[in-house]
Amino acid sequence: MEFRTTIHMGDNQGWLHHSDTLVMMGSCFSDNIGAKLRQAMMLVDVNPFGTIYNPLSIAASVDRLIDNEPVAGIDLFQQGGVWNHYAFHSRYSMPDKDGALQRMNQRIARGHDHLSTSQVLVVTLGTAMVYRLRQNGQVVSNCHKVPPTQFERELADVDTIARSLERMCTRLRQFNPQLRVIFTVSPIRHVADGLEVNSLSKSTLRVAIDRVLRDLHDPLLTYFPAYEIVMDDLRDYRFYATDMVHPSEVAIEYIWQMFQATYFDDRSAQAIARCERVSKRLAHRPMSSNREVVDRFNTDTRMVVRNLVKEYPYLERLNLL
């Protein structure tokens with residue numbers, strides 16, 4: 001007797017090789033899988049603008065990366081004692097305006113270069129809820145704790161989201177013709193507005209993605225069911241963190257294994273397993289006061305890394321030693 005419904009992903013698509021470069025954009029679920037890719041020693045650019053939840057802001061951010069469009073000082077504003085920009089997460093905010101502007105524009109330039117040479121872009125949509133500035137109707141990526149009276153809150157409809165994502169995909173195809181795009185819906189629950197709104201929001205995102213895939217008929221576009229894996233396959237609160245909102249580490253690892261099985265070729269799976277073991281070794285700090293023991297561990301680790309790079313020469317770009 002079966003007590004769960006397992007999602008069957010179908011045949012391996014072989015879209016990804018361990019030597020490929022990727023860009024992850026979207027909700028904090030992008031950070032979760034991005035961390036797994038980094039641990040696997042892959043070259044990945046995770047959320048160049050920081051965490052972004054709504055599809056309209058994600059599409060606008062992709063536009064800015066394609067155009068390599070810097071932000072202007074006039075667009076920065078002070079809130080909470082630091083300078084902010086509505087397109088960037090607060091991790092880029094600084095008390096010094098010039099410093100914040102420089103950090104943001106450097107990140108745009110680096111993201112532009114990375115996107116132009118990447119093989120895969122993973123876009124994770126978190127919510128269909130958007131916030132518009134009342135003064136000009138601009139959809140913001142981050143409210144930066146500006147008083148809510150400054151915004152109009154709305155649920156973007158399927159047509160609006162689909163048009164925005166289709167335009168984004170068309171521009172990406174012109175910018176980087178071989179780029180593959182993987183859409184997914186974040187399994188993270190946005191409960192602040194209530195579970196009913198969260199359900200409506202997630203279903204809106206899912207229908208919009210399906211619309212994009214059907215309208216464009218592009219074989220380099222696909223959908224990965226991260227949301228369905230958590231909601232219909234795992235389907236248990238034990239697979240959530242203590243906040244009952246974010247997936248647990250076990251759930252993230254399960255989704256990561258499913259992602260590997262769907263997109264990575266066999267040789268890459270072996271490389272990922274080896275690199276993950278070496279990453280854990282690099283993160284380990286021997287708990288010993290004996291200097292000889294510590295030095296021996298570090299020497300052995302350097303040898304392990306050199307052997308790994310010798311087997312996979314493209315890892316040299318990571319400057320592991």
# chains A, B, ... in the order shown; residues from 1 in each chain; ligands from 1
call {"tool": "select_by_dssp", "arguments": {"residues": "range 64-298 of chain A", "states": "strand (DSSP E)", "output": "ChimeraX atom specification"}}
result
/A:77-79,82-84,120-125,129-133,151-155,180-185,221-223
call {"tool": "write_last_selection", "arguments": {"atoms": "N, CA and C atoms", "output": "PDB file, in the first residue's frame"}}
result
ATOM      1  N   PHE A  77      17.219  56.445  -2.341  1.00  0.00           N
ATOM      2  CA  PHE A  77      16.497  57.199  -1.314  1.00  0.00           C
ATOM      3  C   PHE A  77      16.928  56.707   0.064  1.00  0.00           C
ATOM      4  N   GLN A  78      16.796  57.582   1.029  1.00  0.00           N
ATOM      5  CA  GLN A  78      17.166  57.237   2.393  1.00  0.00           C
ATOM      6  C   GLN A  78      15.975  56.678   3.153  1.00  0.00           C
ATOM      7  N   GLN A  79      16.223  55.607   3.855  1.00  0.00           N
ATOM      8  CA  GLN A  79      15.224  54.992   4.726  1.00  0.00           C
ATOM      9  C   GLN A  79      15.963  54.142   5.743  1.00  0.00           C
ATOM     10  N   VAL A  82      19.998  54.410   5.844  1.00  0.00           N
ATOM     11  CA  VAL A  82      20.844  53.932   4.742  1.00  0.00           C
ATOM     12  C   VAL A  82      20.218  54.344   3.417  1.00  0.00           C
ATOM     13  N   TRP A  83      21.043  54.271   2.347  1.00  0.00           N
ATOM     14  CA  TRP A  83      20.574  54.573   1.002  1.00  0.00           C
ATOM     15  C   TRP A  83      20.126  53.285   0.316  1.00  0.00           C
ATOM     16  N   ASN A  84      18.920  53.330  -0.258  1.00  0.00           N
ATOM     17  CA  ASN A  84      18.292  52.158  -0.848  1.00  0.00           C
ATOM     18  C   ASN A  84      17.903  52.411  -2.298  1.00  0.00           C
ATOM     19  N   VAL A 120      22.272  28.351 -18.483  1.00  0.00           N
ATOM     20  CA  VAL A 120      20.940  28.165 -17.890  1.00  0.00           C
ATOM     21  C   VAL A 120      20.600  29.328 -16.970  1.00  0.00           C
ATOM     22  N   LEU A 121      19.365  29.793 -17.066  1.00  0.00           N
ATOM     23  CA  LEU A 121      18.783  30.748 -16.124  1.00  0.00           C
ATOM     24  C   LEU A 121      17.618  30.056 -15.430  1.00  0.00           C
ATOM     25  N   VAL A 122      17.654  30.037 -14.094  1.00  0.00           N
ATOM     26  CA  VAL A 122      16.553  29.473 -13.317  1.00  0.00           C
ATOM     27  C   VAL A 122      15.767  30.624 -12.694  1.00  0.00           C
ATOM     28  N   VAL A 123      14.488  30.714 -13.031  1.00  0.00           N
ATOM     29  CA  VAL A 123      13.624  31.797 -12.557  1.00  0.00           C
ATOM     30  C   VAL A 123      12.600  31.213 -11.592  1.00  0.00           C
ATOM     31  N   THR A 124      12.666  31.624 -10.340  1.00  0.00           N
ATOM     32  CA  THR A 124      11.743  31.118  -9.316  1.00  0.00           C
ATOM     33  C   THR A 124      10.774  32.215  -8.907  1.00  0.00           C
ATOM     34  N   LEU A 125       9.512  32.030  -9.230  1.00  0.00           N
ATOM     35  CA  LEU A 125       8.479  33.000  -8.877  1.00  0.00           C
ATOM     36  C   LEU A 125       7.934  32.687  -7.491  1.00  0.00           C
ATOM     37  N   MET A 129       1.637  38.769  -5.860  1.00  0.00           N
ATOM     38  CA  MET A 129       1.330  40.033  -5.204  1.00  0.00           C
ATOM     39  C   MET A 129       2.425  41.054  -5.507  1.00  0.00           C
ATOM     40  N   VAL A 130       2.026  42.233  -5.976  1.00  0.00           N
ATOM     41  CA  VAL A 130       2.993  43.276  -6.296  1.00  0.00           C
ATOM     42  C   VAL A 130       2.651  44.548  -5.532  1.00  0.00           C
ATOM     43  N   TYR A 131       3.669  45.372  -5.347  1.00  0.00           N
ATOM     44  CA  TYR A 131       3.516  46.663  -4.670  1.00  0.00           C
ATOM     45  C   TYR A 131       3.952  47.758  -5.628  1.00  0.00           C
ATOM     46  N   ARG A 132       3.057  48.710  -5.887  1.00  0.00           N
ATOM     47  CA  ARG A 132       3.347  49.826  -6.780  1.00  0.00           C
ATOM     48  C   ARG A 132       3.473  51.123  -5.978  1.00  0.00           C
ATOM     49  N   LEU A 133       4.459  51.918  -6.331  1.00  0.00           N
ATOM     50  CA  LEU A 133       4.580  53.242  -5.731  1.00  0.00           C
ATOM     51  C   LEU A 133       3.414  54.110  -6.188  1.00  0.00           C
ATOM     52  N   PHE A 151       2.360  52.791  -1.047  1.00  0.00           N
ATOM     53  CA  PHE A 151       2.222  51.760  -2.079  1.00  0.00           C
ATOM     54  C   PHE A 151       0.765  51.379  -2.297  1.00  0.00           C
ATOM     55  N   GLU A 152       0.504  50.904  -3.505  1.00  0.00           N
ATOM     56  CA  GLU A 152      -0.751  50.233  -3.811  1.00  0.00           C
ATOM     57  C   GLU A 152      -0.446  48.756  -3.986  1.00  0.00           C
ATOM     58  N   ARG A 153      -1.169  47.921  -3.282  1.00  0.00           N
ATOM     59  CA  ARG A 153      -0.925  46.489  -3.295  1.00  0.00           C
ATOM     60  C   ARG A 153      -1.964  45.818  -4.179  1.00  0.00           C
ATOM     61  N   GLU A 154      -1.506  44.943  -5.087  1.00  0.00           N
ATOM     62  CA  GLU A 154      -2.445  44.285  -5.990  1.00  0.00           C
ATOM     63  C   GLU A 154      -1.947  42.894  -6.357  1.00  0.00           C
ATOM     64  N   LEU A 155      -2.872  42.048  -6.736  1.00  0.00           N
ATOM     65  CA  LEU A 155      -2.531  40.721  -7.231  1.00  0.00           C
ATOM     66  C   LEU A 155      -2.472  40.794  -8.746  1.00  0.00           C
ATOM     67  N   ARG A 180      19.127  28.365 -21.845  1.00  0.00           N
ATOM     68  CA  ARG A 180      17.959  27.604 -21.438  1.00  0.00           C
ATOM     69  C   ARG A 180      17.357  28.265 -20.198  1.00  0.00           C
ATOM     70  N   VAL A 181      16.040  28.315 -20.135  1.00  0.00           N
ATOM     71  CA  VAL A 181      15.360  28.950 -18.999  1.00  0.00           C
ATOM     72  C   VAL A 181      14.483  27.917 -18.309  1.00  0.00           C
ATOM     73  N   ILE A 182      14.713  27.741 -17.016  1.00  0.00           N
ATOM     74  CA  ILE A 182      13.909  26.833 -16.193  1.00  0.00           C
ATOM     75  C   ILE A 182      13.050  27.682 -15.267  1.00  0.00           C
ATOM     76  N   PHE A 183      11.746  27.611 -15.442  1.00  0.00           N
ATOM     77  CA  PHE A 183      10.825  28.297 -14.542  1.00  0.00           C
ATOM     78  C   PHE A 183      10.446  27.352 -13.403  1.00  0.00           C
ATOM     79  N   THR A 184      10.211  27.931 -12.256  1.00  0.00           N
ATOM     80  CA  THR A 184       9.675  27.154 -11.140  1.00  0.00           C
ATOM     81  C   THR A 184       8.905  28.094 -10.225  1.00  0.00           C
ATOM     82  N   VAL A 185       8.009  27.523  -9.439  1.00  0.00           N
ATOM     83  CA  VAL A 185       7.246  28.273  -8.445  1.00  0.00           C
ATOM     84  C   VAL A 185       7.772  27.898  -7.068  1.00  0.00           C
ATOM     85  N   LEU A 221      12.776  26.388 -23.134  1.00  0.00           N
ATOM     86  CA  LEU A 221      12.036  26.808 -21.941  1.00  0.00           C
ATOM     87  C   LEU A 221      11.373  25.588 -21.317  1.00  0.00           C
ATOM     88  N   THR A 222      11.388  25.516 -19.994  1.00  0.00           N
ATOM     89  CA  THR A 222      10.757  24.379 -19.328  1.00  0.00           C
ATOM     90  C   THR A 222      10.325  24.774 -17.915  1.00  0.00           C
ATOM     91  N   TYR A 223       9.625  23.856 -17.266  1.00  0.00           N
ATOM     92  CA  TYR A 223       9.137  24.074 -15.899  1.00  0.00           C
ATOM     93  C   TYR A 223       9.614  22.946 -15.002  1.00  0.00           C
TER      94      TYR A 223
END
call {"tool": "residues_around", "arguments": {"residues": "Leu216 in chain A", "least_positions_apart": "6", "cutoff": "10 Å", "atoms": "only C-alpha atoms", "output": "PyMOL selection string"}}
result
chain A and resi 166+169-170
call {"tool": "write_last_selection", "arguments": {"atoms": "C-alpha atoms", "output": "PDB file, in the first residue's frame"}}
result
ATOM      1  CA  GLU A 166       7.129  36.309 -22.602  1.00  0.00           C
ATOM      2  CA  CYS A 169      12.120  35.336 -22.738  1.00  0.00           C
ATOM      3  CA  THR A 170      12.127  36.999 -26.158  1.00  0.00           C
TER       4      THR A 170
END
call {"tool": "closest_residue", "arguments": {"among": "A:Leu282, A:Asp232, A:Tyr227, A:Ala40", "to": "Asp300 in chain A", "atoms": "only C-alpha atoms"}}
result
A:Leu282
call {"tool": "residues_around", "arguments": {"residues": "Ser248 in chain A", "least_positions_apart": "3", "cutoff": "12 Å", "atoms": "only C-alpha atoms", "output": "mmCIF file with N, CA and C atoms, in the first residue's frame"}}
result
data_model
loop_
_atom_site.group_PDB
_atom_site.id
_atom_site.type_symbol
_atom_site.label_atom_id
_atom_site.label_comp_id
_atom_site.auth_asym_id
_atom_site.auth_seq_id
_atom_site.Cartn_x
_atom_site.Cartn_y
_atom_site.Cartn_z
ATOM 1 N N PHE A 29 14.020 30.785 -2.466
ATOM 2 C CA PHE A 29 14.240 29.405 -2.877
ATOM 3 C C PHE A 29 15.400 29.332 -3.875
ATOM 4 N N ASN A 32 18.408 28.873 -1.903
ATOM 5 C CA ASN A 32 18.569 27.507 -1.410
ATOM 6 C C ASN A 32 19.231 26.607 -2.443
ATOM 7 N N PRO A 187 8.112 26.882 -3.330
ATOM 8 C CA PRO A 187 7.238 26.218 -2.364
ATOM 9 C C PRO A 187 7.101 26.988 -1.054
ATOM 10 N N ILE A 188 7.824 28.083 -0.922
ATOM 11 C CA ILE A 188 7.736 28.888 0.303
ATOM 12 C C ILE A 188 6.354 29.528 0.378
ATOM 13 N N VAL A 230 6.883 19.744 -3.043
ATOM 14 C CA VAL A 230 6.646 19.975 -1.613
ATOM 15 C C VAL A 230 5.175 19.786 -1.257
ATOM 16 N N LEU A 234 5.970 15.500 -0.985
ATOM 17 C CA LEU A 234 6.353 15.451 0.444
ATOM 18 C C LEU A 234 5.123 15.627 1.334
ATOM 19 N N ASP A 236 3.823 17.175 3.978
ATOM 20 C CA ASP A 236 3.801 16.922 5.416
ATOM 21 C C ASP A 236 4.549 18.063 6.106
ATOM 22 N N TYR A 237 4.039 18.503 7.250
ATOM 23 C CA TYR A 237 4.674 19.616 7.966
ATOM 24 C C TYR A 237 6.067 19.281 8.466
ATOM 25 N N ARG A 238 6.422 18.027 8.543
ATOM 26 C CA ARG A 238 7.775 17.689 8.977
ATOM 27 C C ARG A 238 8.806 18.081 7.926
ATOM 28 N N PHE A 239 8.351 18.409 6.723
ATOM 29 C CA PHE A 239 9.262 18.857 5.676
ATOM 30 C C PHE A 239 9.331 20.383 5.600
ATOM 31 N N TYR A 240 8.813 21.043 6.623
ATOM 32 C CA TYR A 240 8.942 22.488 6.739
ATOM 33 C C TYR A 240 9.856 22.825 7.912
ATOM 34 N N ALA A 241 10.462 24.009 7.836
ATOM 35 C CA ALA A 241 11.249 24.505 8.961
ATOM 36 C C ALA A 241 10.308 24.860 10.106
ATOM 37 N N THR A 242 10.866 25.274 11.229
ATOM 38 C CA THR A 242 10.051 25.536 12.410
ATOM 39 C C THR A 242 9.056 26.673 12.214
ATOM 40 N N ASP A 243 9.297 27.544 11.200
ATOM 41 C CA ASP A 243 8.350 28.631 10.963
ATOM 42 C C ASP A 243 7.128 28.176 10.170
ATOM 43 N N MET A 244 7.112 26.907 9.724
ATOM 44 C CA MET A 244 6.014 26.338 8.951
ATOM 45 C C MET A 244 5.788 27.086 7.637
ATOM 46 N N VAL A 245 6.789 27.787 7.171
ATOM 47 C CA VAL A 245 6.700 28.570 5.936
ATOM 48 C C VAL A 245 7.742 28.114 4.922
ATOM 49 N N ALA A 251 13.791 18.762 2.931
ATOM 50 C CA ALA A 251 13.004 19.029 1.731
ATOM 51 C C ALA A 251 13.859 19.649 0.634
ATOM 52 N N ILE A 252 14.717 20.590 1.012
ATOM 53 C CA ILE A 252 15.593 21.236 0.027
ATOM 54 C C ILE A 252 16.534 20.208 -0.597
ATOM 55 N N GLU A 253 17.073 19.316 0.229
ATOM 56 C CA GLU A 253 17.962 18.280 -0.297
ATOM 57 C C GLU A 253 17.204 17.351 -1.248
ATOM 58 N N TYR A 254 15.963 17.024 -0.917
ATOM 59 C CA TYR A 254 15.160 16.152 -1.782
ATOM 60 C C TYR A 254 14.900 16.828 -3.128
ATOM 61 N N ILE A 255 14.554 18.114 -3.093
ATOM 62 C CA ILE A 255 14.312 18.856 -4.334
ATOM 63 C C ILE A 255 15.604 18.943 -5.151
#
call {"tool": "atom_distance", "arguments": {"atom1": "CA of Arg306 in chain A", "atom2": "CA of Cys275 in chain A"}}
result
12.1 Å
call {"tool": "residues_around", "arguments": {"residues": "Gln39 in chain A", "least_positions_apart": "3", "cutoff": "6 Å", "atoms": "only C-alpha atoms", "output": "compact mmCIF listing (two decimals) with N, CA and C atoms, in the first residue's frame"}}
result
# COMPACT_ATOMS: atom_id res chain seq x y z
N LYS A 36 23.25 24.96 -3.08
CA LYS A 36 23.56 23.57 -3.44
C LYS A 36 24.49 23.54 -4.66
N GLU A 276 30.91 17.85 -3.81
CA GLU A 276 30.21 18.08 -2.54
C GLU A 276 31.04 17.56 -1.37
N SER A 279 33.87 20.00 -0.87
CA SER A 279 33.36 21.24 -0.28
C SER A 279 33.18 21.11 1.23
call {"tool": "residues_around", "arguments": {"residues": "His114 in chain A", "least_positions_apart": "6", "cutoff": "9 Å", "atoms": "only C-alpha atoms", "output": "list of chain:residue names"}}
result
A:Thr21, A:Leu22, A:Val23, A:Val44, A:Asp45
call {"tool": "atom_distance", "arguments": {"atom1": "CA of Val158 in chain A", "atom2": "CA of Ala60 in chain A"}}
result
17.0 Å
call {"tool": "atom_distance", "arguments": {"atom1": "CA of Met41 in chain A", "atom2": "CA of Gly126 in chain A"}}
result
26.0 Å
call {"tool": "closest_residue", "arguments": {"among": "A:Gln150, A:Ser186, A:Ser19, A:Thr6", "to": "Ile52 in chain A", "atoms": "only C-alpha atoms"}}
result
A:Ser186
call {"tool": "residues_around", "arguments": {"residues": "Arg317 in chain A", "least_positions_apart": "6", "cutoff": "10 Å", "atoms": "only C-alpha atoms", "output": "list in words"}}
result
Met42, Leu43 and Val309 of chain A
call {"tool": "select_by_dssp", "arguments": {"residues": "range 102-211 of chain A", "states": "alpha helix (DSSP H)", "output": "ChimeraX atom specification"}}
result
/A:102-117,158-175,195-211
call {"tool": "write_last_selection", "arguments": {"atoms": "N, CA and C atoms", "output": "compact mmCIF listing (two decimals), in the first residue's frame"}}
result
# COMPACT_ATOMS: atom_id res chain seq x y z
N GLN A 102 27.92 52.52 -6.05
CA GLN A 102 29.01 51.75 -6.65
C GLN A 102 28.78 50.26 -6.51
N ARG A 103 28.34 49.82 -5.33
CA ARG A 103 28.09 48.40 -5.10
C ARG A 103 27.00 47.88 -6.05
N MET A 104 25.92 48.64 -6.20
CA MET A 104 24.82 48.21 -7.06
C MET A 104 25.25 48.14 -8.52
N ASN A 105 25.96 49.15 -8.99
CA ASN A 105 26.35 49.17 -10.40
C ASN A 105 27.41 48.14 -10.73
N GLN A 106 28.30 47.86 -9.79
CA GLN A 106 29.25 46.78 -9.99
C GLN A 106 28.53 45.45 -10.11
N ARG A 107 27.49 45.30 -9.33
CA ARG A 107 26.74 44.03 -9.36
C ARG A 107 25.97 43.88 -10.66
N ILE A 108 25.44 44.99 -11.20
CA ILE A 108 24.76 44.93 -12.49
C ILE A 108 25.74 44.52 -13.59
N ALA A 109 26.92 45.14 -13.59
CA ALA A 109 27.92 44.83 -14.62
C ALA A 109 28.35 43.38 -14.55
N ARG A 110 28.56 42.88 -13.34
CA ARG A 110 28.97 41.49 -13.18
C ARG A 110 27.84 40.54 -13.59
N GLY A 111 26.62 40.89 -13.24
CA GLY A 111 25.48 40.06 -13.62
C GLY A 111 25.26 40.04 -15.13
N HIS A 112 25.48 41.17 -15.78
CA HIS A 112 25.36 41.25 -17.23
C HIS A 112 26.36 40.30 -17.90
N ASP A 113 27.60 40.36 -17.45
CA ASP A 113 28.63 39.49 -18.03
C ASP A 113 28.31 38.02 -17.81
N HIS A 114 27.84 37.71 -16.61
CA HIS A 114 27.56 36.31 -16.29
C HIS A 114 26.38 35.79 -17.12
N LEU A 115 25.33 36.61 -17.22
CA LEU A 115 24.15 36.18 -17.98
C LEU A 115 24.47 35.99 -19.45
N SER A 116 25.38 36.79 -19.97
CA SER A 116 25.71 36.71 -21.40
C SER A 116 26.42 35.42 -21.76
N THR A 117 27.06 34.77 -20.78
CA THR A 117 27.82 33.55 -21.06
C THR A 117 27.23 32.31 -20.40
N VAL A 158 -3.05 36.81 -14.57
CA VAL A 158 -2.32 35.88 -15.42
C VAL A 158 -1.82 36.56 -16.69
N ASP A 159 -2.68 37.35 -17.34
CA ASP A 159 -2.30 37.99 -18.60
C ASP A 159 -1.12 38.93 -18.40
N THR A 160 -1.15 39.73 -17.36
CA THR A 160 -0.06 40.68 -17.10
C THR A 160 1.25 39.95 -16.86
N ILE A 161 1.21 38.90 -16.04
CA ILE A 161 2.42 38.14 -15.73
C ILE A 161 2.95 37.45 -16.98
N ALA A 162 2.05 36.82 -17.72
CA ALA A 162 2.47 36.07 -18.92
C ALA A 162 3.10 37.01 -19.95
N ARG A 163 2.51 38.18 -20.17
CA ARG A 163 3.08 39.13 -21.13
C ARG A 163 4.47 39.57 -20.70
N SER A 164 4.63 39.82 -19.41
CA SER A 164 5.92 40.27 -18.90
C SER A 164 6.98 39.19 -19.06
N LEU A 165 6.63 37.95 -18.75
CA LEU A 165 7.59 36.84 -18.86
C LEU A 165 7.89 36.50 -20.32
N GLU A 166 6.90 36.58 -21.18
CA GLU A 166 7.13 36.31 -22.60
C GLU A 166 8.07 37.34 -23.20
N ARG A 167 7.88 38.59 -22.85
CA ARG A 167 8.79 39.64 -23.34
C ARG A 167 10.21 39.39 -22.82
N MET A 168 10.31 38.99 -21.55
CA MET A 168 11.61 38.68 -20.96
C MET A 168 12.29 37.55 -21.73
N CYS A 169 11.54 36.48 -22.03
CA CYS A 169 12.12 35.34 -22.74
C CYS A 169 12.55 35.71 -24.15
N THR A 170 11.78 36.56 -24.81
CA THR A 170 12.13 37.00 -26.16
C THR A 170 13.43 37.79 -26.14
N ARG A 171 13.57 38.69 -25.16
CA ARG A 171 14.80 39.46 -25.06
C ARG A 171 15.99 38.57 -24.71
N LEU A 172 15.78 37.61 -23.85
CA LEU A 172 16.86 36.69 -23.49
C LEU A 172 17.32 35.88 -24.69
N ARG A 173 16.38 35.47 -25.54
CA ARG A 173 16.74 34.69 -26.71
C ARG A 173 17.60 35.51 -27.67
N GLN A 174 17.33 36.80 -27.76
CA GLN A 174 18.14 37.69 -28.61
C GLN A 174 19.51 37.95 -27.97
N PHE A 175 19.53 38.05 -26.66
CA PHE A 175 20.75 38.39 -25.94
C PHE A 175 21.72 37.22 -25.84
N LEU A 195 -3.75 32.19 3.96
CA LEU A 195 -3.55 31.02 3.10
C LEU A 195 -4.39 31.07 1.83
N GLU A 196 -5.57 31.74 1.91
CA GLU A 196 -6.39 31.83 0.71
C GLU A 196 -5.69 32.65 -0.37
N VAL A 197 -5.10 33.77 0.03
CA VAL A 197 -4.39 34.61 -0.94
C VAL A 197 -3.14 33.89 -1.44
N ASN A 198 -2.45 33.17 -0.55
CA ASN A 198 -1.28 32.42 -0.97
C ASN A 198 -1.65 31.39 -2.04
N SER A 199 -2.76 30.68 -1.83
CA SER A 199 -3.21 29.69 -2.81
C SER A 199 -3.56 30.34 -4.14
N LEU A 200 -4.25 31.47 -4.09
CA LEU A 200 -4.62 32.19 -5.31
C LEU A 200 -3.37 32.68 -6.03
N SER A 201 -2.42 33.19 -5.26
CA SER A 201 -1.17 33.71 -5.83
C SER A 201 -0.37 32.61 -6.53
N LYS A 202 -0.19 31.49 -5.85
CA LYS A 202 0.61 30.40 -6.44
C LYS A 202 -0.06 29.85 -7.70
N SER A 203 -1.38 29.71 -7.67
CA SER A 203 -2.07 29.18 -8.85
C SER A 203 -1.99 30.16 -10.01
N THR A 204 -2.00 31.45 -9.72
CA THR A 204 -1.85 32.46 -10.77
C THR A 204 -0.48 32.34 -11.43
N LEU A 205 0.55 32.18 -10.62
CA LEU A 205 1.90 32.02 -11.15
C LEU A 205 2.01 30.77 -12.02
N ARG A 206 1.43 29.68 -11.55
CA ARG A 206 1.53 28.41 -12.28
C ARG A 206 0.82 28.50 -13.63
N VAL A 207 -0.35 29.11 -13.66
CA VAL A 207 -1.09 29.25 -14.91
C VAL A 207 -0.34 30.18 -15.87
N ALA A 208 0.26 31.24 -15.34
CA ALA A 208 1.01 32.17 -16.18
C ALA A 208 2.21 31.50 -16.83
N ILE A 209 2.93 30.69 -16.07
CA ILE A 209 4.08 29.97 -16.63
C ILE A 209 3.61 29.02 -17.73
N ASP A 210 2.54 28.31 -17.47
CA ASP A 210 2.01 27.39 -18.49
C ASP A 210 1.62 28.15 -19.75
N ARG A 211 1.06 29.35 -19.59
CA ARG A 211 0.70 30.18 -20.74
C ARG A 211 1.95 30.53 -21.56
call {"tool": "closest_residue", "arguments": {"among": "A:Glu316, A:Asp11, A:Pro219, A:Arg38", "to": "Lys280 in chain A", "atoms": "only C-alpha atoms"}}
result
A:Arg38
call {"tool": "closest_residue", "arguments": {"among": "A:Leu101, A:Gly50, A:Gly14, A:Ile7", "to": "Gly26 in chain A", "atoms": "only C-alpha atoms"}}
result
A:Gly50
call {"tool": "closest_residue", "arguments": {"among": "A:Val140, A:Arg4, A:Asn68, A:Thr301", "to": "Met231 in chain A", "atoms": "only C-alpha atoms"}}
result
A:Arg4
call {"tool": "decode", "arguments": {"residues": "range 169-181 of chain A", "atoms": "N, CA and C atoms", "output": "PDB file, in the first residue's frame"}}
result
ATOM      1  N   CYS A 169      11.544  36.485 -22.027  1.00  0.00           N
ATOM      2  CA  CYS A 169      12.120  35.336 -22.738  1.00  0.00           C
ATOM      3  C   CYS A 169      12.549  35.713 -24.146  1.00  0.00           C
ATOM      4  N   THR A 170      11.778  36.558 -24.811  1.00  0.00           N
ATOM      5  CA  THR A 170      12.127  36.999 -26.158  1.00  0.00           C
ATOM      6  C   THR A 170      13.428  37.792 -26.141  1.00  0.00           C
ATOM      7  N   ARG A 171      13.572  38.686 -25.165  1.00  0.00           N
ATOM      8  CA  ARG A 171      14.801  39.465 -25.062  1.00  0.00           C
ATOM      9  C   ARG A 171      15.992  38.572 -24.709  1.00  0.00           C
ATOM     10  N   LEU A 172      15.781  37.607 -23.847  1.00  0.00           N
ATOM     11  CA  LEU A 172      16.856  36.687 -23.492  1.00  0.00           C
ATOM     12  C   LEU A 172      17.315  35.881 -24.694  1.00  0.00           C
ATOM     13  N   ARG A 173      16.378  35.473 -25.541  1.00  0.00           N
ATOM     14  CA  ARG A 173      16.741  34.687 -26.713  1.00  0.00           C
ATOM     15  C   ARG A 173      17.603  35.508 -27.669  1.00  0.00           C
ATOM     16  N   GLN A 174      17.327  36.805 -27.765  1.00  0.00           N
ATOM     17  CA  GLN A 174      18.141  37.688 -28.607  1.00  0.00           C
ATOM     18  C   GLN A 174      19.508  37.946 -27.972  1.00  0.00           C
ATOM     19  N   PHE A 175      19.529  38.049 -26.659  1.00  0.00           N
ATOM     20  CA  PHE A 175      20.752  38.394 -25.939  1.00  0.00           C
ATOM     21  C   PHE A 175      21.717  37.219 -25.840  1.00  0.00           C
ATOM     22  N   ASN A 176      21.176  36.046 -25.526  1.00  0.00           N
ATOM     23  CA  ASN A 176      21.981  34.835 -25.371  1.00  0.00           C
ATOM     24  C   ASN A 176      21.204  33.689 -26.015  1.00  0.00           C
ATOM     25  N   PRO A 177      21.372  33.488 -27.326  1.00  0.00           N
ATOM     26  CA  PRO A 177      20.501  32.581 -28.093  1.00  0.00           C
ATOM     27  C   PRO A 177      20.440  31.151 -27.575  1.00  0.00           C
ATOM     28  N   GLN A 178      21.502  30.660 -26.937  1.00  0.00           N
ATOM     29  CA  GLN A 178      21.519  29.269 -26.485  1.00  0.00           C
ATOM     30  C   GLN A 178      21.084  29.100 -25.033  1.00  0.00           C
ATOM     31  N   LEU A 179      20.680  30.187 -24.398  1.00  0.00           N
ATOM     32  CA  LEU A 179      20.319  30.134 -22.978  1.00  0.00           C
ATOM     33  C   LEU A 179      19.052  29.307 -22.760  1.00  0.00           C
ATOM     34  N   ARG A 180      19.127  28.365 -21.845  1.00  0.00           N
ATOM     35  CA  ARG A 180      17.959  27.604 -21.438  1.00  0.00           C
ATOM     36  C   ARG A 180      17.357  28.265 -20.198  1.00  0.00           C
ATOM     37  N   VAL A 181      16.040  28.315 -20.135  1.00  0.00           N
ATOM     38  CA  VAL A 181      15.360  28.950 -18.999  1.00  0.00           C
ATOM     39  C   VAL A 181      14.483  27.917 -18.309  1.00  0.00           C
TER      40      VAL A 181
END
